[in-house]
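**Q** Pasting a structure below so you can have a look.
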Amino acid sequence: MNRNFALLATASTVLFSTPALAQTEIEFWHAFTGRLGELVAAQVETFNGSQSDYVVTASHKGNYSETLNAGIAAFRAGEQPDILMVFEVGTATMMAAKGAIKPVYETMADAGASFDPDGYIGSVKGYYTSSDGQMLSLPFNSSTPVLWVNRDALTAAGIDPDVDLSTWQKVGAVLDSLKAAGHACPLTTAWQSWIHLENLSAYHNVPFATKDNGFGGVDTELTFNGPVQVAHIQAMGDWARDGKFIYKGRRNEGGADFRAGTCALFTESSAGYAGIKSEATFAFDVRSLPYWDGTDGAPQNTIIGGASLWVMAGQSDEEYKGVAAFLNFLSSPEIQAKWHQDTGYLPITQAAADLTASQGFYDANPGTDIAVKQMTAKEPTGNSKGLRLGSFDQIRGIIDEELEAVWSGDKDAQTALDSAVARGNELLRRFEQANR
Amino acid sequence: MEKRVTFKGIWLPLLLVLPQVVVSAVFFFYPAGQAIWQSLFIPDPFGLSMQYVGLGNFEYLLSNSYYRASFVTTAVFSVLVTAVSMGIALYLALLADRLIKGSGVYRTLLIWPYAVAPAVAGVLWLFMFNTRIGVVTWYLGLLGYDWNHVLNGGEAMGLVVVASSWGRISYNFLFFLAGLQAIPRSVIEAAAIDGAHFWTRIRTIVLPLLSPTTFFLLVVNIVYAFFETFGVIHTITSGGPQQSTTILVYKVYSDGFVGQDLGSSAAQSVILLVIVGLLTVVQFKFIERRVHY
């Protein structure tokens, strides 16, 4: 009986494991739900249908922070996925974990896959590229901040809806008119640290942190308490005091107010497009992020937010071949162009941007190319390549706290930013020590 | 003379306490030991390397003025949550105790909020006080009060206290009502015949006889305010504005899961462990003496 059982077991193993042997399974953990989740699922399905060697299994693991923590916990337990989606502020954490990841360029080279790093848009891939030009993770969803305008609100306040809003000086004048016309919420924002400090610094070509914003090493120090940043935050603080800038929360709470028509101007990610288009019952516009006229080098380029795909260490060569094939599939012009048009995220390759243009998408949807232009107008400098700072999710929390002190009038801009820099530097030193 | 029940052998009593010992060891001593061990290191998040720093994590924390301020925030928050939830629960229990008709319905309805998870309670209250679409915010606006807990620390603290206390009132109410009903009617009636008014009876008879229940609830509620209110804070304020609602347990989360600083997070867990231990000792040593069983 024992022998029969053993035979049966062998037979069943042979019978049922054959398909699994033929197809290598690639695990992919991501942070998308809703419409974005469906679009990711569609990409994966297309890839699985396009070849028979690999099967990508995508799983949703919560929001960005939860997905990163799930990946970390899984790695500690030796159960890590092949591909992990990590938001841009987790880049330094992943980079420092040398034994836990396999850089994308290495994955591609080892798998013998064709890979042309020059095909990717510089300011998108720059965030995820080492200082010697090697791509560490594959940019997946990237967006950049822009200015959203409620044209009807401007008209109602007696302002020409086509008014020039390219500089903060001009925006300030429009805010005055809106306030004078009795508007309750002339300006609001989402993601205050990302837009009003990180992007502000890059856009005006001033450093956010030393060592090329952390690209040059973990012994970096924050420097966003310089005159350009202080002047901007002070101006925003003054607008907040006068009821011209209304603070709604640390994340994208302001989005609901803008889409409902409560707020006239709104600084938010270019990826807000889909939501605004489907909900807004007023005429809206998308404009470039304003800059301060008179600052040397402004406008430089803005930087991205979003997430990239990291290849985790400790998998078989066969799986890495599958990973390389999947990453190449994601970078292909057709898939990228569709993703860009469906979501409002930036295309990661020039080919995808060109394809989108040739398909007539930008003509049919005016303003959707503003973000691409704003990102690619100039070659990125050391100040505008991106940020690579440890514990940065938590440093953003500190910045949120200090900015709230400015908006409520408890602190002036200089005091608040000095304090944010000092507190953030403490976390950077902890990170440096942990990754020595 | 105290009467002791003694076992003859050693094995039976050991066997009887074993389940308790095993549960404590697996779910308390092992994790607590791990936390103490980890608090002596600065590890990298992926567990690739660890550096021994001795008490360095504790030094780092205690020299940080924001961490020290978090103690005060936690104290204010815990006292408020305990006072509000116990005060209202006692008031409702006193009223329910006097009800003759419909007391079953009344009691059942009062217990419902206890079934709501803290995070969900947080979202419910956040909706009512939302600065744009909140019902309460709107009514306050009609009265000329501009509610904005997103920037006003006092209002934010008030909101998380109310949201944390709400479900807790039900729990406290149950215990208070049971305690009240255990007080012999005859004692109260005798006092009434002697001419003691309602409030005099409450003050001199009901409250002293209720003190074991009150003491139990005090301990349980403070522990609740320390640990289980995380969901409410996370959904409503995320610790803000500025740091006005960052209680100790929220900072453990923030350092551990937002900053991936496991050394600091472990050290904070150890500090919390010590605080709760001390609080419980103080409560049993000093307050329990004044409790009449």
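FYI, nothing fancy with the structure tokens labels: chains A, B, ... in order, residues from 1 per chain, ligands from 1 as they appear.
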Mind dumping a table of every chain B residue within 10 Å of chain A, with the nearest atom pair and its distance in Å to one decimal, using only C-alpha atoms, sorted by chain and rising number, as JSON lines?
**A**
```
{"residue": "B:Phe41", "atom": "CA", "partner": "A:Ala434", "partner_atom": "CA", "distance": 9.1}
{"residue": "B:Ile42", "atom": "CA", "partner": "A:Ala434", "partner_atom": "CA", "distance": 5.6}
{"residue": "B:Pro43", "atom": "CA", "partner": "A:Ala434", "partner_atom": "CA", "distance": 5.6}
{"residue": "B:Asp44", "atom": "CA", "partner": "A:Ala434", "partner_atom": "CA", "distance": 5.1}
{"residue": "B:Pro45", "atom": "CA", "partner": "A:Ile72", "partner_atom": "CA", "distance": 6.8}
{"residue": "B:Phe46", "atom": "CA", "partner": "A:Ile72", "partner_atom": "CA", "distance": 5.6}
{"residue": "B:Gly47", "atom": "CA", "partner": "A:Arg76", "partner_atom": "CA", "distance": 6.2}
{"residue": "B:Leu48", "atom": "CA", "partner": "A:Gly99", "partner_atom": "CA", "distance": 7.1}
{"residue": "B:Ser49", "atom": "CA", "partner": "A:Asn435", "partner_atom": "CA", "distance": 8.0}
{"residue": "B:Met50", "atom": "CA", "partner": "A:Ala434", "partner_atom": "CA", "distance": 7.4}
{"residue": "B:Gln51", "atom": "CA", "partner": "A:Ala434", "partner_atom": "CA", "distance": 7.3}
{"residue": "B:Asn57", "atom": "CA", "partner": "A:Arg430", "partner_atom": "CA", "distance": 9.8}
{"residue": "B:Tyr60", "atom": "CA", "partner": "A:Glu426", "partner_atom": "CA", "distance": 9.4}
{"residue": "B:Asn64", "atom": "CA", "partner": "A:Arg423", "partner_atom": "CA", "distance": 9.2}
{"residue": "B:Tyr66", "atom": "CA", "partner": "A:Arg423", "partner_atom": "CA", "distance": 9.3}
{"residue": "B:Asn130", "atom": "CA", "partner": "A:Lys248", "partner_atom": "CA", "distance": 9.9}
{"residue": "B:Thr131", "atom": "CA", "partner": "A:Lys248", "partner_atom": "CA", "distance": 7.9}
{"residue": "B:Arg132", "atom": "CA", "partner": "A:Asp257", "partner_atom": "CA", "distance": 7.4}
{"residue": "B:Ile133", "atom": "CA", "partner": "A:Asp257", "partner_atom": "CA", "distance": 9.5}
{"residue": "B:Asn148", "atom": "CA", "partner": "A:Lys248", "partner_atom": "CA", "distance": 9.1}
{"residue": "B:His149", "atom": "CA", "partner": "A:Gly249", "partner_atom": "CA", "distance": 9.8}
{"residue": "B:Val150", "atom": "CA", "partner": "A:Gly249", "partner_atom": "CA", "distance": 6.2}
{"residue": "B:Leu151", "atom": "CA", "partner": "A:Ser408", "partner_atom": "CA", "distance": 6.0}
{"residue": "B:Asn152", "atom": "CA", "partner": "A:Ser408", "partner_atom": "CA", "distance": 7.4}
{"residue": "B:Gly153", "atom": "CA", "partner": "A:Ser408", "partner_atom": "CA", "distance": 9.7}
{"residue": "B:Thr237", "atom": "CA", "partner": "A:Gly249", "partner_atom": "CA", "distance": 9.2}
{"residue": "B:Ser238", "atom": "CA", "partner": "A:Arg250", "partner_atom": "CA", "distance": 9.2}
{"residue": "B:Gly239", "atom": "CA", "partner": "A:Glu401", "partner_atom": "CA", "distance": 9.1}
{"residue": "B:Gly240", "atom": "CA", "partner": "A:Glu401", "partner_atom": "CA", "distance": 6.7}
{"residue": "B:Pro241", "atom": "CA", "partner": "A:Glu401", "partner_atom": "CA", "distance": 6.2}
{"residue": "B:Gln242", "atom": "CA", "partner": "A:Glu401", "partner_atom": "CA", "distance": 3.9}
{"residue": "B:Gln243", "atom": "CA", "partner": "A:Glu401", "partner_atom": "CA", "distance": 6.6}
{"residue": "B:Ser244", "atom": "CA", "partner": "A:Glu401", "partner_atom": "CA", "distance": 9.4}
{"residue": "B:Ser254", "atom": "CA", "partner": "A:Gln394", "partner_atom": "CA", "distance": 7.2}
{"residue": "B:Asp255", "atom": "CA", "partner": "A:Gln394", "partner_atom": "CA", "distance": 7.5}
{"residue": "B:Gly256", "atom": "CA", "partner": "A:Asn69", "partner_atom": "CA", "distance": 9.6}
{"residue": "B:Phe257", "atom": "CA", "partner": "A:Asn69", "partner_atom": "CA", "distance": 6.8}
{"residue": "B:Val258", "atom": "CA", "partner": "A:Gln394", "partner_atom": "CA", "distance": 5.7}
{"residue": "B:Gly259", "atom": "CA", "partner": "A:Ser391", "partner_atom": "CA", "distance": 4.8}
{"residue": "B:Gln260", "atom": "CA", "partner": "A:Ser391", "partner_atom": "CA", "distance": 7.0}
{"residue": "B:Asp261", "atom": "CA", "partner": "A:Phe431", "partner_atom": "CA", "distance": 7.7}
{"residue": "B:Leu262", "atom": "CA", "partner": "A:Ala434", "partner_atom": "CA", "distance": 9.6}
{"residue": "B:Gly263", "atom": "CA", "partner": "A:Ala434", "partner_atom": "CA", "distance": 9.1}
{"residue": "B:Ser264", "atom": "CA", "partner": "A:Arg430", "partner_atom": "CA", "distance": 9.3}
```
**Q** Name all residues at most 9 Å from Ser288 (chain A) (count only C-alpha atoms; drop same-chain ones fewer than 4 positions away) and give them as a ChimeraX atom specification.
**A** /A:145-148,165-166,370-371,373-374
**Q** What is the CA of Val249 (chain B) to CA of Met86 (chain B) distance in Å?
**A**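 Calculated distance between CA of Val249 (chain B) and CA of Met86 (chain B) is 21.9 Å.
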**Q** When DSSP works through the backbone of this structure, what residues of region 237-306 of chain A end up as alpha helix (DSSP H), shown as a ChimeraX atom specification?
**A** /A:237-241,254-259,273-279
**Q** Export, as a short mmCIF file (atom, residue, chain, number, x, y, z; two decimals), in the first residue's frame, the selected residues with C-alpha atoms.
**A**
```cif
data_model
loop_
_atom_site.label_atom_id
_atom_site.label_comp_id
_atom_site.auth_asym_id
_atom_site.auth_seq_id
_atom_site.Cartn_x
_atom_site.Cartn_y
_atom_site.Cartn_z
CA GLY A 237 2.43 81.77 4.30
CA ASP A 238 1.39 85.36 3.65
CA TRP A 239 -1.22 84.14 1.16
CA ALA A 240 -2.45 81.65 3.77
CA ARG A 241 -2.75 84.43 6.37
CA GLY A 254 -7.31 69.65 -1.96
CA GLY A 255 -8.18 67.64 -5.07
CA ALA A 256 -11.77 67.14 -3.92
CA ASP A 257 -12.15 70.89 -3.42
CA PHE A 258 -10.77 71.70 -6.84
CA ARG A 259 -12.88 69.07 -8.62
CA TYR A 273 -5.86 64.60 -15.12
CA ALA A 274 -8.10 61.52 -15.22
CA GLY A 275 -9.92 62.45 -12.00
CA ILE A 276 -10.38 66.10 -12.87
CA LYS A 277 -11.57 65.29 -16.37
CA SER A 278 -14.20 62.85 -15.14
CA GLU A 279 -15.51 64.93 -12.21
#
```
**Q** Excluding same-chain residues fewer than 3 positions from region 67-83 of chain B, what lies within 9 Å of it counting only C-alpha atoms, as a VMD selection string?
**A** chain B and resid 61 to 64 86 to 88 157 to 158 160 to 162 164 to 165 168 217 to 218 221 to 226 243 to 249 251
**Q** Please list as a ChimeraX atom specification every residue within 10 Å of region 112-127 of chain B, counting only C-alpha atoms and excluding residues in the same chain fewer than 2 positions away.
**A** /B:107-110,129-137,149,159-160,162-172,228-237
**Q** Smallest atom-to-atom distance to Tyr106 (chain B): which of B:Leu177, B:Leu14, B:Val84, B:Val23, using only C-alpha atoms?
**A**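 Of B:Leu177, B:Leu14, B:Val84, B:Val23, the one nearest Tyr106 (chain B) is B:Leu177, counting only C-alpha atoms.
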**Q** Give me the residues near region 352-357 of chain A as number ranges by chain, where near means some atom within 10 Å (using only C-alpha atoms) and where sequence neighbours in that chain fewer than 3 positions away do not count.
**A** A: 119-121, 331-341, 346-349, 360-363, 369, 372
**Q** Taking the chain letters and numbering used in this document, name the residues of region 252-384 of chain A that DSSP puts in strand (DSSP E), as a PyMOL selection string.
**A** chain A and resi 265-269+284-287+305-312
**Q** Compile the contact shell of region 280-283 of chain A as a ChimeraX atom specification: residues with an atom at most 9 Å away, counting only C-alpha atoms, same-chain residues fewer than 6 positions apart removed.
**A** /A:149-153,258-261
**Q** Take the residues just selected and output them with C-alpha atoms as a compact mmCIF listing (two decimals), in the first residue's frame.
**A**
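As a result, result_8.txt now contains:
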```txt
# COMPACT_ATOMS: atom_id res chain seq x y z
CA VAL A 149 -6.97 76.27 -13.36
CA ASN A 150 -10.74 76.57 -12.94
CA ARG A 151 -11.48 78.86 -15.88
CA ASP A 152 -15.08 79.49 -14.81
CA ALA A 153 -13.93 80.72 -11.40
CA PHE A 258 -10.77 71.70 -6.84
CA ARG A 259 -12.88 69.07 -8.62
CA ALA A 260 -15.98 70.31 -6.80
CA GLY A 261 -15.25 73.80 -8.08
```
**Q** Quote the spacing between CA of Gly141 (chain B) and CA of Ala184 (chain A) in Å to one decimal place.
**A**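 Distance between the two atoms: 13.4 Å.
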**Q** Taking only C-alpha atoms into account, which of B:Val274, B:Val17, B:Leu94, B:Val291 comes nearest Phe216 (chain B)?
**A**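 Using only C-alpha atoms, the shortest distance to Phe216 (chain B) belongs to B:Val291.
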**Q** A:Ala298, A:Ile303, A:Ala422, A:Leu289: which is nearest Ser123 (chain A), counting only C-alpha atoms?
**A** A:Ile303
**Q** Could you name the residues that touch Thr155 (chain A) at 12 Å or less, counting only C-alpha atoms, but leaving out those on the same chain fewer than 5 positions away, as a PDB file with C-alpha atoms, in the first residue's frame?
**A**
```pdb
ATOM      1  CA  VAL A 149      -6.970  76.270 -13.357  1.00  0.00           C
ATOM      2  CA  ASN A 150     -10.736  76.568 -12.940  1.00  0.00           C
ATOM      3  CA  ASP A 160      -9.553  86.769 -18.242  1.00  0.00           C
ATOM      4  CA  PRO A 161      -9.377  82.944 -18.068  1.00  0.00           C
ATOM      5  CA  ASP A 162      -6.427  82.996 -20.463  1.00  0.00           C
ATOM      6  CA  VAL A 163      -4.455  85.207 -18.070  1.00  0.00           C
ATOM      7  CA  VAL A 174      -4.574  86.870  -9.781  1.00  0.00           C
ATOM      8  CA  SER A 177      -8.185  89.763  -7.727  1.00  0.00           C
ATOM      9  CA  LEU A 178      -9.872  86.485  -6.710  1.00  0.00           C
ATOM     10  CA  ALA A 181     -13.958  89.321  -5.787  1.00  0.00           C
ATOM     11  CA  HIS A 183     -13.563  83.964  -3.730  1.00  0.00           C
ATOM     12  CA  ALA A 264      -9.845  78.320  -8.372  1.00  0.00           C
ATOM     13  CA  PHE A 282     -16.499  73.478 -15.157  1.00  0.00           C
ATOM     14  CA  ALA A 283     -14.020  74.478 -17.851  1.00  0.00           C
ATOM     15  CA  PHE A 284     -10.484  73.730 -16.695  1.00  0.00           C
TER      16      PHE A 284
END
```
**Q** Quick check, in Å to one decimal: how far apart do CA of Met108 (chain A) and CA of Ala324 (chain A) lie?
**A** 5.5 Å
